[in-house]
>>> print(open('final-v9.cif').read())   # mmCIF, C-alpha atoms
data_query
loop_
_atom_site.label_atom_id
_atom_site.label_comp_id
_atom_site.auth_asym_id
_atom_site.auth_seq_id
_atom_site.Cartn_x
_atom_site.Cartn_y
_atom_site.Cartn_z
CA MET A 393 9.52 -44.19 -36.00
CA ASN A 394 6.81 -41.57 -36.06
CA HIS A 395 4.45 -42.38 -33.23
CA GLN A 396 2.29 -39.86 -31.33
CA LEU A 397 1.41 -40.75 -27.75
CA PHE A 398 -1.36 -38.17 -27.60
CA GLU A 399 -3.80 -36.58 -29.96
CA PRO A 400 -3.02 -32.98 -30.92
CA PHE A 401 -4.47 -30.42 -28.50
CA TYR A 402 -6.66 -27.89 -30.27
CA SER A 403 -7.53 -24.53 -28.73
CA ILE A 404 -11.22 -24.19 -27.94
CA PRO A 405 -12.77 -20.78 -28.71
CA SER A 406 -14.31 -18.71 -25.95
CA LYS A 407 -17.78 -18.97 -27.48
CA GLN A 408 -17.64 -22.79 -27.40
CA TRP A 409 -16.72 -22.75 -23.71
CA LYS A 410 -19.62 -20.41 -22.94
CA ASN A 411 -22.04 -22.62 -24.84
CA LYS A 412 -20.85 -25.66 -22.88
CA ILE A 413 -21.23 -23.82 -19.57
CA GLN A 414 -24.69 -22.60 -20.50
CA TYR A 415 -25.69 -26.16 -21.36
CA GLU A 416 -24.43 -27.44 -17.99
CA LEU A 417 -26.40 -24.72 -16.19
CA ALA A 418 -29.59 -26.40 -17.38
CA GLY A 419 -31.47 -23.21 -18.05
CA ALA A 420 -30.01 -21.02 -15.28
CA ASP A 421 -28.76 -17.62 -16.36
CA TYR A 422 -24.98 -17.47 -16.89
CA ASN A 423 -24.58 -13.84 -15.77
CA THR A 424 -26.64 -14.05 -12.57
CA THR A 425 -25.41 -17.52 -11.58
CA LEU A 426 -21.66 -17.44 -12.27
CA VAL A 427 -20.66 -13.79 -12.66
CA TRP A 428 -20.21 -12.12 -9.28
CA GLU A 429 -19.67 -8.47 -8.46
CA SER A 430 -17.28 -7.09 -5.85
CA LEU A 431 -18.05 -4.24 -3.45
CA GLU A 432 -16.34 -1.89 -5.90
CA GLY A 433 -18.62 -2.98 -8.75
CA ILE A 434 -15.96 -5.09 -10.48
CA LYS A 435 -17.50 -8.01 -12.39
CA VAL A 436 -15.62 -11.32 -12.13
CA ARG A 437 -16.36 -14.02 -14.66
CA PRO A 438 -15.95 -17.80 -14.14
CA PHE A 439 -13.31 -18.09 -16.86
CA TYR A 440 -11.15 -15.88 -19.06
CA HIS A 441 -10.00 -16.60 -22.58
CA ARG A 442 -7.48 -15.05 -24.93
CA ASP A 443 -10.29 -14.38 -27.42
CA ASP A 444 -11.63 -11.77 -24.97
CA ARG A 445 -8.29 -10.29 -23.99
CA GLN A 446 -7.46 -6.65 -24.57
CA SER A 447 -3.70 -6.80 -24.53
CA PHE A 448 -1.62 -4.17 -22.75
CA THR A 449 1.66 -4.24 -20.88
CA VAL A 450 2.53 -2.74 -17.52
CA ASP A 451 6.31 -2.72 -17.26
CA THR A 452 7.41 -3.83 -13.78
CA LYS A 453 10.95 -4.56 -12.63
CA THR A 454 10.08 -7.51 -10.40
CA SER A 455 13.64 -8.81 -10.66
CA GLN A 456 14.83 -5.70 -8.83
CA TRP A 457 12.43 -5.48 -5.88
CA SER A 458 14.03 -4.86 -2.49
CA ILE A 459 13.24 -5.96 1.06
CA LEU A 460 12.41 -2.87 3.13
CA GLN A 461 12.56 -2.48 6.91
CA PRO A 462 10.45 0.34 8.44
CA ILE A 463 11.97 1.81 11.62
CA TYR A 464 10.30 4.43 13.80
CA VAL A 465 13.12 6.39 15.46
CA TYR A 466 12.20 7.23 19.06
CA ASP A 467 15.57 6.21 20.51
CA VAL A 468 18.65 6.62 18.29
CA ASP A 469 20.76 3.91 19.95
CA LYS A 470 17.98 1.33 19.75
CA SER A 471 17.23 2.32 16.15
CA ILE A 472 20.89 1.87 15.22
CA GLN A 473 20.91 -1.59 16.76
CA ASN A 474 17.66 -2.45 14.98
CA ALA A 475 18.98 -1.15 11.65
CA LEU A 476 22.29 -3.01 11.83
CA THR A 477 20.56 -6.25 12.79
CA SER A 478 18.09 -5.84 9.94
CA LEU A 479 20.86 -5.28 7.40
CA GLN A 480 22.78 -8.27 8.73
CA LYS A 481 19.68 -10.48 8.46
CA GLY A 482 18.84 -9.66 4.85
CA THR A 483 17.15 -6.23 4.70
CA GLU A 484 18.12 -4.27 1.59
CA ALA A 485 16.65 -0.83 2.36
CA LEU A 486 15.78 1.03 5.56
CA TYR A 487 12.83 3.40 5.99
CA PHE A 488 13.20 5.74 8.97
CA THR A 489 10.30 7.76 10.35
CA ILE A 490 11.60 10.79 12.28
CA PRO A 491 9.08 12.27 14.76
CA HIS A 492 10.86 15.53 15.66
CA THR A 493 13.96 17.65 15.01
CA LYS A 494 15.72 16.58 18.21
CA ILE A 495 16.63 13.20 16.71
CA ASN A 496 20.39 13.10 15.98
CA LEU A 497 20.47 11.92 12.37
CA GLN A 498 24.24 12.31 12.11
CA GLN A 499 24.71 9.79 14.91
CA LEU A 500 22.23 7.47 13.23
CA LEU A 501 23.80 7.57 9.77
CA LEU A 502 27.41 7.39 10.91
CA ALA A 503 26.65 4.01 12.49
CA LEU A 504 25.35 2.63 9.17
CA PRO A 505 27.16 1.53 5.98
CA GLN A 506 27.65 4.34 3.47
CA GLN A 507 26.48 2.23 0.53
CA GLY A 508 23.06 1.50 2.03
CA VAL A 509 19.65 2.58 0.72
CA TYR A 510 18.04 4.87 3.29
CA PHE A 511 14.64 6.54 3.20
CA PHE A 512 13.66 9.28 5.63
CA ARG A 513 10.13 10.48 6.35
CA PHE A 514 9.74 13.45 8.69
CA ALA A 515 6.67 14.22 10.79
CA PHE A 516 7.42 17.91 10.18
CA LEU A 517 8.32 20.20 7.28
CA GLU A 518 11.25 22.43 8.26
CA GLU A 519 13.18 23.62 5.21
CA THR A 520 16.44 24.57 6.93
CA TYR A 521 16.63 21.33 8.91
CA ILE A 522 15.96 19.13 5.88
CA LYS A 523 18.49 20.97 3.70
CA GLN A 524 21.15 20.61 6.40
CA VAL A 525 20.47 16.87 6.61
CA ILE A 526 20.76 16.47 2.83
CA LEU A 527 23.98 18.54 2.69
CA TRP A 528 25.62 16.68 5.56
CA ALA A 529 24.71 13.28 4.09
CA LYS A 530 26.21 14.31 0.75
CA GLN A 531 29.43 15.49 2.40
CA GLN A 532 29.72 12.15 4.20
CA ALA A 533 29.04 10.19 0.95
CA TYR A 534 25.65 8.85 2.06
CA THR A 535 22.84 8.60 -0.47
CA ILE A 536 19.56 9.27 1.29
CA HIS A 537 16.01 9.76 0.03
CA VAL A 538 13.83 12.22 1.91
CA LEU A 539 10.13 11.69 1.18
CA VAL A 540 7.76 14.66 1.47
CA ASP A 541 3.94 14.75 1.15
CA PRO A 542 2.16 17.80 2.64
CA ILE A 543 -1.24 16.65 1.32
CA HIS A 544 -0.95 13.45 3.36
CA GLN A 545 -0.43 15.64 6.41
CA LEU A 546 -3.69 17.45 5.67
CA VAL A 547 -5.59 14.21 5.03
CA THR A 548 -4.45 12.41 8.18
CA ASP A 549 -3.95 15.27 10.64
CA GLY A 550 -6.63 17.67 9.45
CA ASN A 551 -4.14 20.54 9.19
CA TRP A 552 -1.20 21.47 6.99
CA PHE A 553 2.29 21.49 8.45
CA HIS A 554 2.12 25.30 8.27
CA SER A 555 -0.42 26.43 5.65
CA LEU A 556 -1.19 25.49 2.05
CA PRO A 557 0.88 28.32 0.49
CA GLN A 558 3.81 27.88 2.87
CA ASP A 559 3.90 24.08 2.58
CA PHE A 560 3.96 24.22 -1.21
CA THR A 561 6.56 26.98 -1.22
CA ILE A 562 8.84 24.87 0.97
CA LEU A 563 8.16 21.76 -1.12
CA GLU A 564 8.96 23.63 -4.36
CA SER A 565 12.19 24.98 -2.90
CA LEU A 566 13.29 21.57 -1.66
CA ILE A 567 12.51 19.74 -4.90
CA GLN A 568 14.20 22.35 -7.08
CA THR A 569 17.41 22.63 -5.05
CA GLN A 570 17.95 19.29 -3.29
CA PRO A 571 18.50 16.13 -5.39
CA GLY A 572 17.76 13.87 -2.41
CA ILE A 573 14.21 15.18 -1.96
CA HIS A 574 11.42 13.08 -3.44
CA LEU A 575 7.73 13.69 -3.73
CA VAL A 576 5.81 10.82 -2.15
CA ILE A 577 2.13 10.03 -2.56
CA ASP A 578 1.14 8.25 0.63
CA LEU A 579 -2.01 6.16 0.04
CA LYS A 580 -1.85 3.96 3.12
CA ALA A 581 -4.36 6.03 5.06
CA TYR A 582 -7.00 5.61 2.35
CA GLN A 583 -6.83 1.81 2.48
CA ASN A 584 -6.52 1.65 6.27
CA ALA A 585 -9.54 3.96 6.64
CA GLY A 586 -11.67 1.67 4.46
CA ALA A 587 -11.42 3.00 0.91
CA ASN A 588 -12.14 0.37 -1.71
CA THR A 589 -9.66 -0.55 -4.43
CA ILE A 590 -11.07 1.80 -7.06
CA GLN A 591 -11.16 4.73 -4.63
CA GLN A 592 -7.55 4.16 -3.64
CA ILE A 593 -6.38 4.32 -7.27
CA ALA A 594 -8.55 7.34 -8.08
CA TYR A 595 -7.50 9.28 -4.98
CA ALA A 596 -3.86 8.44 -5.66
CA CYS A 597 -4.11 9.95 -9.12
CA SER A 598 -5.97 13.03 -7.94
CA HIS A 599 -3.57 13.42 -5.00
CA LEU A 600 -0.62 13.32 -7.41
CA ASN A 601 -2.36 15.61 -9.92
CA GLU A 602 -2.46 18.37 -7.29
CA TYR A 603 1.34 18.29 -7.22
CA PHE A 604 1.57 18.13 -11.01
CA THR A 605 -0.50 21.30 -11.32
CA ARG A 606 1.11 23.23 -8.46
CA LEU A 607 4.82 22.42 -8.87
CA VAL A 608 7.02 23.86 -11.62
CA ALA A 609 9.01 20.71 -12.47
CA ILE A 610 9.59 17.29 -10.95
CA GLU A 611 12.80 15.59 -12.02
CA GLN A 612 13.46 13.08 -9.25
CA PRO A 613 11.61 9.72 -9.07
CA ILE A 614 8.17 9.96 -7.46
CA PHE A 615 7.43 7.43 -4.73
CA ILE A 616 3.99 6.02 -4.04
CA GLU A 617 3.35 4.32 -0.70
CA VAL A 618 0.61 1.72 -0.81
CA ALA A 619 -1.09 -0.50 1.78
CA ILE A 620 -1.87 -3.94 0.36
CA GLY A 621 -5.15 -5.60 1.32
CA ALA A 622 -6.30 -9.19 1.45
CA ASN A 623 -8.01 -9.49 -1.95
CA PHE A 624 -5.04 -11.21 -3.61
CA PHE A 625 -5.68 -10.71 -7.33
CA PHE A 626 -7.36 -7.32 -6.89
CA GLU A 627 -4.28 -6.01 -5.09
CA ILE A 628 -1.98 -7.17 -7.89
CA ALA A 629 -4.24 -5.46 -10.41
CA LYS A 630 -4.38 -2.34 -8.18
CA LEU A 631 -0.64 -1.75 -8.51
CA LYS A 632 -0.71 -2.37 -12.25
CA ALA A 633 -3.66 -0.01 -12.71
CA LEU A 634 -1.94 2.60 -10.58
CA ARG A 635 1.14 2.58 -12.79
CA LEU A 636 -0.96 2.77 -15.96
CA LEU A 637 -3.01 5.74 -14.80
CA VAL A 638 -0.10 7.70 -13.36
CA GLN A 639 1.78 7.35 -16.64
CA LEU A 640 -1.35 8.37 -18.55
CA ILE A 641 -1.89 11.49 -16.43
CA GLY A 642 1.82 12.29 -16.52
CA GLN A 643 1.68 12.58 -20.32
CA GLU A 644 -0.35 15.76 -19.83
CA TYR A 645 2.55 17.38 -17.93
CA PRO A 646 5.66 17.33 -20.12
CA GLN A 647 7.53 19.52 -17.61
CA HIS A 648 7.56 16.63 -15.14
CA GLN A 649 9.59 13.43 -15.45
CA VAL A 650 7.17 10.74 -14.34
CA ASN A 651 9.35 7.96 -12.93
CA ILE A 652 7.31 5.99 -10.41
CA LYS A 653 8.66 3.85 -7.57
CA ILE A 654 6.20 1.93 -5.38
CA ILE A 655 6.72 1.17 -1.69
CA ALA A 656 4.23 -1.43 -0.46
CA VAL A 657 3.40 -2.72 3.03
CA PRO A 658 0.52 -4.85 4.33
CA THR A 659 -2.67 -3.15 5.43
CA LYS A 660 -3.56 -2.80 9.11
CA ARG A 661 -7.29 -2.94 8.44
CA ASN A 662 -7.64 -6.74 8.60
CA LYS A 663 -5.07 -7.34 11.34
CA THR A 664 -6.15 -8.56 14.77
CA VAL A 665 -5.04 -8.52 18.39
CA TYR A 666 -6.72 -11.81 19.24
CA ALA A 667 -5.39 -14.83 17.30
CA SER A 668 -2.62 -12.48 16.20
CA THR A 669 -0.35 -15.23 14.87
CA ILE A 670 -2.82 -15.55 11.97
CA ASN A 671 -1.65 -12.07 10.94
CA GLN A 672 1.41 -13.82 9.53
CA MET A 673 -0.72 -15.65 6.99
CA ARG A 674 -2.39 -12.39 6.05
CA THR A 675 0.87 -10.50 5.61
CA ILE A 676 2.58 -13.18 3.52
CA THR A 677 -0.19 -13.18 0.90
CA GLU A 678 -0.31 -9.38 0.93
CA CYS A 679 3.46 -9.17 0.41
CA LEU A 680 3.14 -11.70 -2.42
CA SER A 681 0.51 -9.49 -4.06
CA ALA A 682 2.87 -6.53 -3.73
CA VAL A 683 5.76 -8.34 -5.41
CA LEU A 684 3.66 -9.74 -8.26
CA GLY A 685 1.99 -6.36 -8.72
CA GLY A 686 5.37 -4.75 -9.33
CA ALA A 687 6.27 -2.96 -6.08
CA ASP A 688 9.86 -1.73 -6.02
CA TYR A 689 10.21 -1.95 -2.24
CA VAL A 690 8.21 -4.32 -0.05
CA GLY A 691 8.10 -3.94 3.72
CA ASN A 692 6.41 -6.07 6.35
CA PHE A 693 5.49 -5.65 9.99
CA PRO A 694 5.40 -8.17 12.85
CA TYR A 695 2.24 -10.13 13.64
CA ASP A 696 2.12 -8.51 17.10
CA ALA A 697 2.94 -4.95 16.03
CA LEU A 698 -0.52 -3.71 17.01
CA TYR A 699 -0.08 -4.32 20.72
CA ARG A 700 3.61 -4.98 21.44
CA LYS A 701 6.74 -2.85 21.16
CA ASP A 702 9.51 -3.79 18.76
CA ASN A 703 11.09 -7.13 19.59
CA PHE A 704 13.70 -9.16 17.75
CA SER A 705 11.73 -12.38 17.48
CA SER A 706 8.60 -11.12 15.73
CA GLN A 707 10.57 -8.67 13.58
CA GLN A 708 12.74 -11.55 12.37
CA MET A 709 9.65 -13.59 11.48
CA ALA A 710 8.27 -10.68 9.45
CA ARG A 711 11.59 -10.28 7.64
CA ASP A 712 11.82 -14.03 7.02
CA GLN A 713 8.53 -13.92 5.14
CA LEU A 714 10.07 -11.55 2.60
CA LEU A 715 13.28 -13.58 2.45
CA LEU A 716 11.16 -16.66 1.78
CA LEU A 717 9.49 -14.96 -1.18
CA LYS A 718 12.77 -13.72 -2.60
CA LYS A 719 15.37 -16.36 -1.80
CA GLU A 720 13.27 -19.52 -1.85
CA GLY A 721 10.31 -18.44 -3.96
CA HIS A 722 12.73 -16.86 -6.48
CA LEU A 723 10.35 -13.98 -7.09
CA ASP A 724 13.25 -11.87 -8.32
CA TRP A 725 14.12 -14.04 -11.32
CA VAL A 726 11.93 -12.40 -13.98
CA ASP A 727 10.28 -9.09 -14.75
CA ASN A 728 6.54 -8.74 -15.43
CA PRO A 729 5.61 -12.18 -14.00
CA THR A 730 1.85 -11.63 -14.45
CA ASP A 731 2.00 -10.68 -18.13
CA GLY A 732 -0.48 -12.65 -20.21
CA THR A 733 -2.79 -13.42 -17.28
CA TYR A 734 -6.21 -12.85 -18.80
CA TYR A 735 -7.98 -12.51 -15.46
CA LEU A 736 -5.54 -9.90 -14.15
CA ASP A 737 -5.63 -8.00 -17.42
CA ASP A 738 -9.42 -7.79 -17.21
CA LEU A 739 -9.32 -6.73 -13.56
CA THR A 740 -6.72 -4.07 -14.32
CA LYS A 741 -8.78 -2.74 -17.23
CA GLN A 742 -11.93 -2.46 -15.10
CA LEU A 743 -10.05 -0.79 -12.24
CA VAL A 744 -8.47 1.74 -14.62
CA GLU A 745 -11.80 2.64 -16.23
CA LYS A 746 -13.72 3.03 -12.97
CA ALA A 747 -10.90 4.89 -11.18
CA LEU A 748 -10.53 7.25 -14.15
CA ASP A 749 -14.23 8.12 -13.89
CA ILE A 750 -13.83 9.06 -10.21
CA PHE A 751 -10.65 11.01 -10.98
CA LYS A 752 -12.48 13.04 -13.61
CA GLN A 753 -15.30 13.78 -11.17
CA ILE A 754 -12.82 15.07 -8.59
CA GLU A 755 -11.08 17.27 -11.14
CA LYS A 756 -14.43 18.71 -12.26
CA ALA A 757 -15.04 19.60 -8.59
CA ASP A 758 -11.83 21.74 -8.53
CA GLY A 759 -9.43 18.99 -7.50
CA PHE A 760 -8.45 16.83 -4.59
CA ILE A 761 -7.67 19.49 -2.00
CA THR A 762 -11.03 21.18 -2.59
CA SER A 763 -12.81 17.83 -2.26
CA ILE A 764 -10.98 17.17 1.01
CA HIS A 765 -12.01 20.58 2.36
CA GLU A 766 -15.62 19.93 1.34
CA GLY A 767 -15.53 16.50 2.99
CA THR A 768 -16.43 14.60 -0.20
CA ILE A 769 -13.46 12.24 -0.07
CA GLN A 770 -13.93 11.49 3.63
CA ARG A 771 -17.64 10.79 3.14
CA LYS A 772 -17.03 8.39 0.25
CA ILE A 773 -14.37 6.50 2.20
CA ASN A 774 -16.59 6.31 5.28
CA GLU A 775 -19.43 4.90 3.15
CA SER A 776 -17.12 2.23 1.74
CA ALA A 777 -15.78 1.41 5.20
CA ALA A 778 -19.33 1.11 6.60
CA LYS A 779 -20.26 -1.41 3.89
CA GLU A 780 -17.25 -3.55 4.68
CA GLN A 781 -17.87 -3.27 8.43
CA ALA A 782 -21.49 -4.36 7.96
CA LEU A 783 -20.33 -7.45 6.06
CA PHE A 784 -17.89 -8.22 8.86
CA GLN A 785 -20.58 -7.85 11.53
CA ALA A 786 -22.81 -10.19 9.48
CA ASN A 787 -19.96 -12.74 9.24
CA GLN A 788 -19.84 -12.35 5.48
CA GLU A 789 -16.38 -10.81 5.78
CA VAL A 790 -14.35 -13.36 7.75
CA LEU A 791 -11.43 -12.76 10.07
CA VAL A 792 -10.35 -16.11 11.48
CA GLY A 793 -10.08 -15.97 15.24
CA ILE A 794 -12.43 -13.01 15.55
CA ASN A 795 -15.80 -13.78 13.96
CA THR A 796 -15.12 -17.44 13.15
CA LEU A 797 -13.05 -20.24 14.72
CA THR A 798 -12.55 -18.15 17.85
CA THR A 799 -10.74 -19.17 21.00
CA PRO A 800 -12.92 -17.69 23.80
CA GLN A 801 -10.40 -18.50 26.53
CA GLU A 802 -7.59 -16.50 24.87
CA GLN A 803 -6.29 -13.72 27.10
CA VAL A 804 -4.40 -10.76 25.58
CA GLN A 805 -4.70 -8.15 28.33
CA PRO A 806 -1.39 -9.17 30.00
CA GLN A 807 0.45 -8.83 26.66
CA LEU A 808 -0.71 -5.30 25.79
CA GLU A 809 2.27 -2.94 25.60
CA LEU A 810 0.64 -0.57 23.11
CA TYR A 811 -2.92 0.72 22.77
CA PRO A 812 -4.27 -1.09 19.68
CA PHE A 813 -7.41 0.99 19.05
CA VAL A 814 -8.26 4.37 17.55
CA LYS A 815 -7.02 7.16 19.80
CA GLN A 816 -9.34 10.12 20.20
CA ASN A 817 -7.71 13.56 20.09
CA PRO A 818 -10.43 16.23 19.82
CA ARG A 819 -9.04 19.49 18.46
CA LYS A 820 -9.71 22.18 15.91
CA THR A 821 -8.76 21.20 12.34
CA LEU A 822 -9.17 22.70 8.88
CA VAL A 823 -10.72 19.49 7.54
CA VAL A 824 -12.07 16.28 9.00
CA PRO A 825 -9.07 13.90 9.05
CA LEU A 826 -9.27 10.31 7.88
CA ILE A 827 -9.43 7.85 10.76
CA GLU A 828 -7.67 4.53 10.24
CA ARG A 829 -9.81 1.84 11.83
CA ARG A 830 -9.47 -1.93 11.86
CA LEU A 831 -12.45 -4.19 11.18
CA ALA A 832 -12.00 -6.13 14.41
CA GLU A 833 -11.74 -3.20 16.83
CA LEU A 834 -15.29 -3.23 18.24
CA GLU A 835 -15.27 -7.00 18.78
CA GLU A 836 -11.83 -6.88 20.37
CA GLN A 837 -12.86 -4.11 22.76
CA LYS A 838 -15.82 -6.23 23.90
CA ARG A 839 -13.57 -9.20 24.57
CA LEU A 840 -11.00 -7.10 26.41
CA THR A 841 -13.73 -5.67 28.62
CA ALA A 842 -14.91 -9.18 29.39
CA GLU A 843 -11.34 -10.16 30.32
CA THR A 844 -11.15 -7.52 33.04
CA LYS A 845 -14.41 -8.56 34.74
#
>>> encode(input="final-v9.cif", output="structure tokens")
Amino acid sequence: MNHQLFEPFYSIPSKQWKNKIQYELAGADYNTTLVWESLEGIKVRPFYHRDDRQSFTVDTKTSQWSILQPIYVYDVDKSIQNALTSLQKGTEALYFTIPHTKINLQQLLLALPQQGVYFFRFAFLEETYIKQVILWAKQQAYTIHVLVDPIHQLVTDGNWFHSLPQDFTILESLIQTQPGIHLVIDLKAYQNAGANTIQQIAYACSHLNEYFTRLVAIEQPIFIEVAIGANFFFEIAKLKALRLLVQLIGQEYPQHQVNIKIIAVPTKRNKTVYASTINQMRTITECLSAVLGGADYVGNFPYDALYRKDNFSSQQMARDQLLLLKKEGHLDWVDNPTDGTYYLDDLTKQLVEKALDIFKQIEKADGFITSIHEGTIQRKINESAAKEQALFQANQEVLVGINTLTTPQEQVQPQLELYPFVKQNPRKTLVVPLIERRLAELEEQKRLTAETK
């Protein structure tokens, strides 16, 4: 019996949809009424259709993403305990930040499984020390990844580790002789200082291009560290656009093997001290953006990390968010999960085009380092941050618990174990460093002052 329950569904062309929408608008202009523009100048339409799609593929290995645990090593014994607990509870890779050469890395590693994935980021650039660490780890059958980025040191500290020539000489020596050394492009400071999405992508490419032009050959994978913001779809497109542009620029440097790995963590810019439990809702969506955007390693931080020292409870909640995405959300079942999404394809295309324009402008001005020395990059980021801050002050940029749905009686002063605001450290620097500043800082300082009266 041949019986159809439903009429056949016929695809409606994009033009027909637009005509219908225009009719429903009753004379209002389609572009001014329904098309809105972001702070970056990205135009977002009310609907997207395959007729308008410009197809391209960004290859992401979403099925292979790993849960990352950042650990700042100030006490080796406590860091070992933290690391072992993290691994036991589901962490798949550890990221250690080492503040000085007195930290006993042999003691740290010997307490950890040999088959683990371990990243090390040093707050210094000492060639002999780093080579000894790599050699010892190899002798003990540990595979470690040491991430090095002298330009990030200049951007955030205002000075090189030593000097531009010396830093690049050490970097060249390490990369050419030590297989465990990786170049890393650390973009977190740009986002946390207020750079918009397009600026972050453009500065990432220009940042990396400085290394491409100054180093002889890069054979190891290049890591890119990214802070993920709250604009869900824009952040997914940001990672896709970043991969596209890096591969495009890398084609101009055949001496380098451009194999990109992305490490993503939530931004600090929209996190709050008051109503801090809401930070968990912010971080879960930001981590989701990171996974769908194709990050290889995704880390998270506790909701109270701004004002409290490490504690098991909040760290476990942060880790559980990633486990929820992976083990219950099954976000490791397929690769390229956003392929064929017309909206994301259009966003990615616009981000690529606009970021490429900024990249070209920087290169015409003698490159990223020159622009940093001239203050151009800092000024542009500060302008973007000021726009966002003005929207926040006008309640057009909402942070729940701070400028809407507040709880005036909330007291946080007794809970403060860390100073959650920008720390001033006046000193002489080569360039003006980027200052990472949260949107809620001024409002929080007012409320804290009121608490003490």
>>> resolve_selection(input="final-v9.cif", expression="the PyMOL selection byres ((chain A and resi 825) around 9)", output="MDAnalysis selection string")
chainID A and resid 546:551 764 770 821:824 826:827
>>> atom_distance(input="final-v9.cif", atom1="atom CA of Thr452 of chain A", atom2="atom CA of Val690 of chain A")
13.8 Å
>>> resolve_selection(input="final-v9.cif", expression="the PyMOL selection byres ((chain A and resi 662) around 10)", output="short mmCIF file (atom, residue, chain, number, x, y, z; two decimals) with C-alpha atoms, keeping the file's coordinate frame")
data_model
loop_
_atom_site.label_atom_id
_atom_site.label_comp_id
_atom_site.auth_asym_id
_atom_site.auth_seq_id
_atom_site.Cartn_x
_atom_site.Cartn_y
_atom_site.Cartn_z
CA ASN A 584 -6.52 1.65 6.27
CA GLY A 621 -5.15 -5.60 1.32
CA ALA A 622 -6.30 -9.19 1.45
CA PRO A 658 0.52 -4.85 4.33
CA THR A 659 -2.67 -3.15 5.43
CA LYS A 660 -3.56 -2.80 9.11
CA ARG A 661 -7.29 -2.94 8.44
CA LYS A 663 -5.07 -7.34 11.34
CA THR A 664 -6.15 -8.56 14.77
CA ASN A 671 -1.65 -12.07 10.94
CA ARG A 674 -2.39 -12.39 6.05
CA THR A 675 0.87 -10.50 5.61
CA VAL A 790 -14.35 -13.36 7.75
CA LEU A 791 -11.43 -12.76 10.07
CA ARG A 829 -9.81 1.84 11.83
CA ARG A 830 -9.47 -1.93 11.86
CA LEU A 831 -12.45 -4.19 11.18
CA ALA A 832 -12.00 -6.13 14.41
CA GLU A 833 -11.74 -3.20 16.83
#
>>> closest_residue(input="final-v9.cif", among="A:Ile761, A:Trp409, A:Lys845, A:Leu636", to="Trp552 of chain A", atoms="all atoms listed in the file")
A:Ile761
>>> closest_atom_pairs(input="final-v9.cif", of="segment 421-460 of chain A", to="segment 735-749 of chain A", cutoff="10 Å", atoms="all atoms listed in the file", output="Markdown table")
| residue | atom | partner | partner_atom | distance |
| --- | --- | --- | --- | --- |
| A:Glu432 | CA | A:Leu743 | CA | 9.0 |
| A:Gly433 | CA | A:Lys746 | CA | 8.8 |
| A:Ile434 | CA | A:Gln742 | CA | 6.7 |
| A:Lys435 | CA | A:Gln742 | CA | 8.3 |
| A:Val436 | CA | A:Leu739 | CA | 7.9 |
| A:Arg437 | CA | A:Tyr735 | CA | 8.6 |
| A:Pro438 | CA | A:Tyr735 | CA | 9.7 |
| A:Phe439 | CA | A:Tyr735 | CA | 7.8 |
| A:Tyr440 | CA | A:Tyr735 | CA | 5.9 |
| A:His441 | CA | A:Tyr735 | CA | 8.5 |
| A:Arg442 | CA | A:Tyr735 | CA | 9.8 |
| A:Asp444 | CA | A:Asp738 | CA | 9.0 |
| A:Arg445 | CA | A:Asp738 | CA | 7.3 |
| A:Gln446 | CA | A:Asp737 | CA | 7.5 |
| A:Ser447 | CA | A:Asp737 | CA | 7.5 |
| A:Phe448 | CA | A:Asp737 | CA | 7.7 |
| A:Thr449 | CA | A:Asp737 | CA | 8.9 |
| A:Val450 | CA | A:Asp737 | CA | 9.7 |
>>> residues_around(input="final-v9.cif", residues="Ala619 of chain A", least_positions_apart="5", cutoff="12 Å", atoms="only C-alpha atoms", output="PyMOL selection string")
chain A and resi 577-589+592-593+596+627-628+630-631+654-662+675+678-679+681-682+687+690-693+828
>>> write_last_selection(input="final-v9.cif", atoms="C-alpha atoms", output="short mmCIF file (atom, residue, chain, number, x, y, z; two decimals), in the frame of the given file")
data_model
loop_
_atom_site.label_atom_id
_atom_site.label_comp_id
_atom_site.auth_asym_id
_atom_site.auth_seq_id
_atom_site.Cartn_x
_atom_site.Cartn_y
_atom_site.Cartn_z
CA ILE A 577 2.13 10.03 -2.56
CA ASP A 578 1.14 8.25 0.63
CA LEU A 579 -2.01 6.16 0.04
CA LYS A 580 -1.85 3.96 3.12
CA ALA A 581 -4.36 6.03 5.06
CA TYR A 582 -7.00 5.61 2.35
CA GLN A 583 -6.83 1.81 2.48
CA ASN A 584 -6.52 1.65 6.27
CA ALA A 585 -9.54 3.96 6.64
CA GLY A 586 -11.67 1.67 4.46
CA ALA A 587 -11.42 3.00 0.91
CA ASN A 588 -12.14 0.37 -1.71
CA THR A 589 -9.66 -0.55 -4.43
CA GLN A 592 -7.55 4.16 -3.64
CA ILE A 593 -6.38 4.32 -7.27
CA ALA A 596 -3.86 8.44 -5.66
CA GLU A 627 -4.28 -6.01 -5.09
CA ILE A 628 -1.98 -7.17 -7.89
CA LYS A 630 -4.38 -2.34 -8.18
CA LEU A 631 -0.64 -1.75 -8.51
CA ILE A 654 6.20 1.93 -5.38
CA ILE A 655 6.72 1.17 -1.69
CA ALA A 656 4.23 -1.43 -0.46
CA VAL A 657 3.40 -2.72 3.03
CA PRO A 658 0.52 -4.85 4.33
CA THR A 659 -2.67 -3.15 5.43
CA LYS A 660 -3.56 -2.80 9.11
CA ARG A 661 -7.29 -2.94 8.44
CA ASN A 662 -7.64 -6.74 8.60
CA THR A 675 0.87 -10.50 5.61
CA GLU A 678 -0.31 -9.38 0.93
CA CYS A 679 3.46 -9.17 0.41
CA SER A 681 0.51 -9.49 -4.06
CA ALA A 682 2.87 -6.53 -3.73
CA ALA A 687 6.27 -2.96 -6.08
CA VAL A 690 8.21 -4.32 -0.05
CA GLY A 691 8.10 -3.94 3.72
CA ASN A 692 6.41 -6.07 6.35
CA PHE A 693 5.49 -5.65 9.99
CA GLU A 828 -7.67 4.53 10.24
#
